[in-house]
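J.: My questions all concern the structure below.
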Amino acid sequence: MKKLRLATLWLDGCSGCHMSLLDTDQRLLELTRYYDVVYSPLMDIKIFPEAVDVALIEGAISTDEDERMARAVRRQSAVLIAMGDCAVTGNIPAMRNSTGATELLRRVYGTPDQENTPIPSTDLPTLLDKALPLHRYIAVDHFIPGCPPSADALCAALLAVAKGETPCPNSRFGA
Ligand code: SF4
């Protein structure tokens, strides 16, 4: 059996969803019967590969770099899954959405004319006005809610997709 190429991506999240993925413990061995991991924050690979079969994305889209990566992953992945509440609804990152990026940065860093005000690095990605869930930017095939989703839910979803048990687009795997 040809294994599926699995990628995982970490956007504006706390990494808790990836920790939950690791909590699948010995079931990881069963998952490796179906998947080869080709890109992940758990590996030292810098360039997102082409021809990915399944991509799991953790986190909301909060910066221009998040948006660029999410769009690239969508282009290069056959099945894309929103992993966890930040990716599904915005969740914790979206708590800043009552104000825009400029006002948010002013509240955190002050104004440049204030003495001893730290200036955010210009090398950082640009903060978008709102932190939004994945589906506001790209098509999402499946959603796995939870903060974090349980290891059981992640494992069940990956096994279902590997076995072709994907009854309808935009299905929701249990938390
Ligand atoms: S859904 Fe929860 S565990 Fe996952 S990245 Fe967001 S805050 Fe962290």
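Ligands are numbered from 1 in the order shown, chains are lettered A, B, ... in the order of the structure tokens, and residues start at 1 in each chain.
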With only C-alpha atoms as the counted atoms, please give the residues lying no more than 10 Å from segment 39-50 of chain A, apart from itself and same-chain residues fewer than 6 positions off, as JSON, numbers by chain.

T.: {"A": [5, 6, 7, 8, 9, 10, 15, 18, 19, 22, 56, 57, 69, 72, 73, 75, 76, 77]}

J.: Let me see the file: selected residues, N, CA and C atoms, as a PDB file, in the first residue's frame.

T.:
ATOM      1  N   ARG A   5       1.064  11.151   1.990  1.00  0.00           N
ATOM      2  CA  ARG A   5       2.018  12.171   2.443  1.00  0.00           C
ATOM      3  C   ARG A   5       1.274  13.152   3.363  1.00  0.00           C
ATOM      4  N   LEU A   6       1.700  13.175   4.625  1.00  0.00           N
ATOM      5  CA  LEU A   6       1.025  13.986   5.656  1.00  0.00           C
ATOM      6  C   LEU A   6       1.889  15.184   6.035  1.00  0.00           C
ATOM      7  N   ALA A   7       1.253  16.350   6.082  1.00  0.00           N
ATOM      8  CA  ALA A   7       1.944  17.563   6.545  1.00  0.00           C
ATOM      9  C   ALA A   7       1.154  18.175   7.683  1.00  0.00           C
ATOM     10  N   THR A   8       1.847  18.785   8.641  1.00  0.00           N
ATOM     11  CA  THR A   8       1.166  19.534   9.699  1.00  0.00           C
ATOM     12  C   THR A   8       1.800  20.914   9.779  1.00  0.00           C
ATOM     13  N   LEU A   9       0.953  21.909  10.033  1.00  0.00           N
ATOM     14  CA  LEU A   9       1.416  23.302  10.032  1.00  0.00           C
ATOM     15  C   LEU A   9       0.949  23.981  11.312  1.00  0.00           C
ATOM     16  N   TRP A  10       1.780  24.865  11.845  1.00  0.00           N
ATOM     17  CA  TRP A  10       1.474  25.586  13.081  1.00  0.00           C
ATOM     18  C   TRP A  10       1.398  27.077  12.756  1.00  0.00           C
ATOM     19  N   SER A  15       0.534  25.472  20.078  1.00  0.00           N
ATOM     20  CA  SER A  15       1.163  24.165  19.856  1.00  0.00           C
ATOM     21  C   SER A  15       0.469  23.051  20.626  1.00  0.00           C
ATOM     22  N   HIS A  18      -0.674  20.251  18.403  1.00  0.00           N
ATOM     23  CA  HIS A  18       0.403  19.327  18.025  1.00  0.00           C
ATOM     24  C   HIS A  18       0.777  18.421  19.199  1.00  0.00           C
ATOM     25  N   MET A  19       0.718  18.971  20.422  1.00  0.00           N
ATOM     26  CA  MET A  19       0.991  18.119  21.584  1.00  0.00           C
ATOM     27  C   MET A  19      -0.055  17.008  21.680  1.00  0.00           C
ATOM     28  N   LEU A  22       0.775  14.258  19.396  1.00  0.00           N
ATOM     29  CA  LEU A  22       1.786  13.364  19.967  1.00  0.00           C
ATOM     30  C   LEU A  22       1.182  12.463  21.045  1.00  0.00           C
ATOM     31  N   LEU A  56      -2.789  18.949   8.043  1.00  0.00           N
ATOM     32  CA  LEU A  56      -3.452  19.367   9.282  1.00  0.00           C
ATOM     33  C   LEU A  56      -2.926  20.749   9.624  1.00  0.00           C
ATOM     34  N   ILE A  57      -3.822  21.715   9.827  1.00  0.00           N
ATOM     35  CA  ILE A  57      -3.353  23.060  10.199  1.00  0.00           C
ATOM     36  C   ILE A  57      -3.880  23.426  11.570  1.00  0.00           C
ATOM     37  N   MET A  69       1.215  31.210   3.986  1.00  0.00           N
ATOM     38  CA  MET A  69       1.452  29.775   4.191  1.00  0.00           C
ATOM     39  C   MET A  69       0.163  28.968   4.020  1.00  0.00           C
ATOM     40  N   ALA A  72      -0.567  28.567   0.409  1.00  0.00           N
ATOM     41  CA  ALA A  72       0.391  27.647  -0.221  1.00  0.00           C
ATOM     42  C   ALA A  72       0.053  26.203   0.141  1.00  0.00           C
ATOM     43  N   VAL A  73      -0.278  25.970   1.401  1.00  0.00           N
ATOM     44  CA  VAL A  73      -0.632  24.612   1.837  1.00  0.00           C
ATOM     45  C   VAL A  73      -1.896  24.147   1.119  1.00  0.00           C
ATOM     46  N   ARG A  75      -2.946  25.044  -1.847  1.00  0.00           N
ATOM     47  CA  ARG A  75      -2.611  24.737  -3.247  1.00  0.00           C
ATOM     48  C   ARG A  75      -1.946  23.381  -3.378  1.00  0.00           C
ATOM     49  N   GLN A  76      -1.158  23.003  -2.393  1.00  0.00           N
ATOM     50  CA  GLN A  76      -0.304  21.826  -2.523  1.00  0.00           C
ATOM     51  C   GLN A  76      -0.837  20.594  -1.785  1.00  0.00           C
ATOM     52  N   SER A  77      -2.064  20.684  -1.247  1.00  0.00           N
ATOM     53  CA  SER A  77      -2.599  19.572  -0.452  1.00  0.00           C
ATOM     54  C   SER A  77      -3.957  19.135  -0.996  1.00  0.00           C
TER      55      SER A  77
END

J.: Which residues form the shell of 7 Å around ligand 1 when you count only C-alpha atoms and all ligand atoms, given as a ChimeraX atom specification?

T.: /A:13-17,58-59,84-87,91-92,146-148

J.: When DSSP is applied to the backbone of this structure, which of chain A are assigned helix (DSSP H, G or I)? Write them out as a ChimeraX atom specification.

T.: /A:16-22,27-34,64-76,85-89,92-96,101-109,134-136,151-162

J.: Next, the residues of the selection above should be written as a tab-separated table (two decimals), in the first residue's frame with C-alpha atoms.

T.:
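File produced: out-v2.tsv:
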chain	number	residue	atom	x	y	z
A	16	GLY	CA	-1.30	22.38	22.14
A	17	CYS	CA	-2.95	20.75	19.13
A	18	HIS	CA	0.40	19.33	18.02
A	19	MET	CA	0.99	18.12	21.58
A	20	SER	CA	-2.36	16.35	21.39
A	21	LEU	CA	-1.23	14.75	18.13
A	22	LEU	CA	1.79	13.36	19.97
A	27	ARG	CA	-1.28	4.69	17.99
A	28	LEU	CA	1.32	6.71	16.08
A	29	LEU	CA	2.62	3.32	14.98
A	30	GLU	CA	-0.75	2.51	13.42
A	31	LEU	CA	-0.81	5.93	11.73
A	32	THR	CA	2.63	5.27	10.24
A	33	ARG	CA	1.10	2.30	8.39
A	34	TYR	CA	-0.88	4.84	6.38
A	64	ASP	CA	0.40	38.11	6.32
A	65	GLU	CA	2.83	35.19	6.64
A	66	ASP	CA	0.08	32.97	8.12
A	67	GLU	CA	-2.12	33.83	5.13
A	68	ARG	CA	0.68	33.16	2.63
A	69	MET	CA	1.45	29.77	4.19
A	70	ALA	CA	-2.21	28.75	4.46
A	71	ARG	CA	-2.77	29.53	0.77
A	72	ALA	CA	0.39	27.65	-0.22
A	73	VAL	CA	-0.63	24.61	1.84
A	74	ARG	CA	-4.10	24.68	0.27
A	75	ARG	CA	-2.61	24.74	-3.25
A	76	GLN	CA	-0.30	21.83	-2.52
A	85	ASP	CA	-10.62	25.53	17.79
A	86	CYS	CA	-8.14	28.27	16.78
A	87	ALA	CA	-8.17	26.96	13.21
A	88	VAL	CA	-11.91	26.19	13.29
A	89	THR	CA	-13.30	29.36	14.95
A	92	ILE	CA	-7.99	32.46	21.66
A	93	PRO	CA	-6.17	34.49	18.95
A	94	ALA	CA	-9.52	36.05	17.96
A	95	MET	CA	-9.90	37.55	21.45
A	96	ARG	CA	-7.92	40.53	20.13
A	101	ALA	CA	-3.86	45.89	14.36
A	102	THR	CA	-2.68	49.51	14.58
A	103	GLU	CA	-4.56	50.21	17.80
A	104	LEU	CA	-3.54	46.83	19.22
A	105	LEU	CA	0.15	47.58	18.63
A	106	ARG	CA	-0.28	51.05	20.17
A	107	ARG	CA	-1.84	49.55	23.29
A	108	VAL	CA	0.94	46.98	23.64
A	109	TYR	CA	3.96	49.04	22.59
A	134	LEU	CA	-8.89	29.11	8.20
A	135	HIS	CA	-12.15	28.89	6.28
A	136	ARG	CA	-12.28	32.69	6.01
A	151	ALA	CA	-5.81	12.48	20.65
A	152	ASP	CA	-8.70	10.07	20.01
A	153	ALA	CA	-10.40	12.56	17.68
A	154	LEU	CA	-7.18	13.29	15.79
A	155	CYS	CA	-6.35	9.63	15.43
A	156	ALA	CA	-9.88	8.74	14.31
A	157	ALA	CA	-9.91	11.54	11.75
A	158	LEU	CA	-6.56	10.59	10.23
A	159	LEU	CA	-7.53	6.92	10.05
A	160	ALA	CA	-10.91	7.78	8.50
A	161	VAL	CA	-9.32	9.95	5.82
A	162	ALA	CA	-6.67	7.29	5.12

J.: Can you tell me how far atom CA of Lys163 of chain A sits from atom CA of Thr24 of chain A, in Å to one decimal?

T.: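 Spanning atom CA of Lys163 of chain A to atom CA of Thr24 of chain A is a straight-line distance of 18.1 Å.
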
J.: Using only C-alpha atoms, pick whichever of A:Lys3, A:Asp36, A:Ser62, A:Gln26 has the shortest atom-to-atom distance to Leu132 of chain A.

T.: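 Among A:Lys3, A:Asp36, A:Ser62, A:Gln26, it is A:Ser62 that comes nearest to Leu132 of chain A.
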
J.: What is the atom CA of Lys130 of chain A-atom CA of Gly90 of chain A distance in Å, reported with one decimal?

T.: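 Between atom CA of Lys130 of chain A and atom CA of Gly90 of chain A the gap works out to 9.4 Å.
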
J.: Between A:Ile61, A:Ala82, A:Gly110, A:Ala51, which residue has the minimum interatomic distance to Leu11 of chain A, considering only C-alpha atoms?

T.: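 Answer, going by the shortest atom-to-atom distance: A:Ile61.
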
J.: Would you mind telling me which residue in A:Leu127, A:Ile144, A:Ala139, A:Val37 lies nearest to Ala78 of chain A when using only C-alpha atoms?

T.: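 Of A:Leu127, A:Ile144, A:Ala139, A:Val37, the one nearest Ala78 of chain A, counting only C-alpha atoms, is A:Ala139.
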
J.: Rounded to one decimal in Å, what is the spacing between atom CA of Val54 of chain A and atom CA of Leu4 of chain A?

T.: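 According to the coordinates, atom CA of Val54 of chain A and atom CA of Leu4 of chain A are separated by 7.3 Å.
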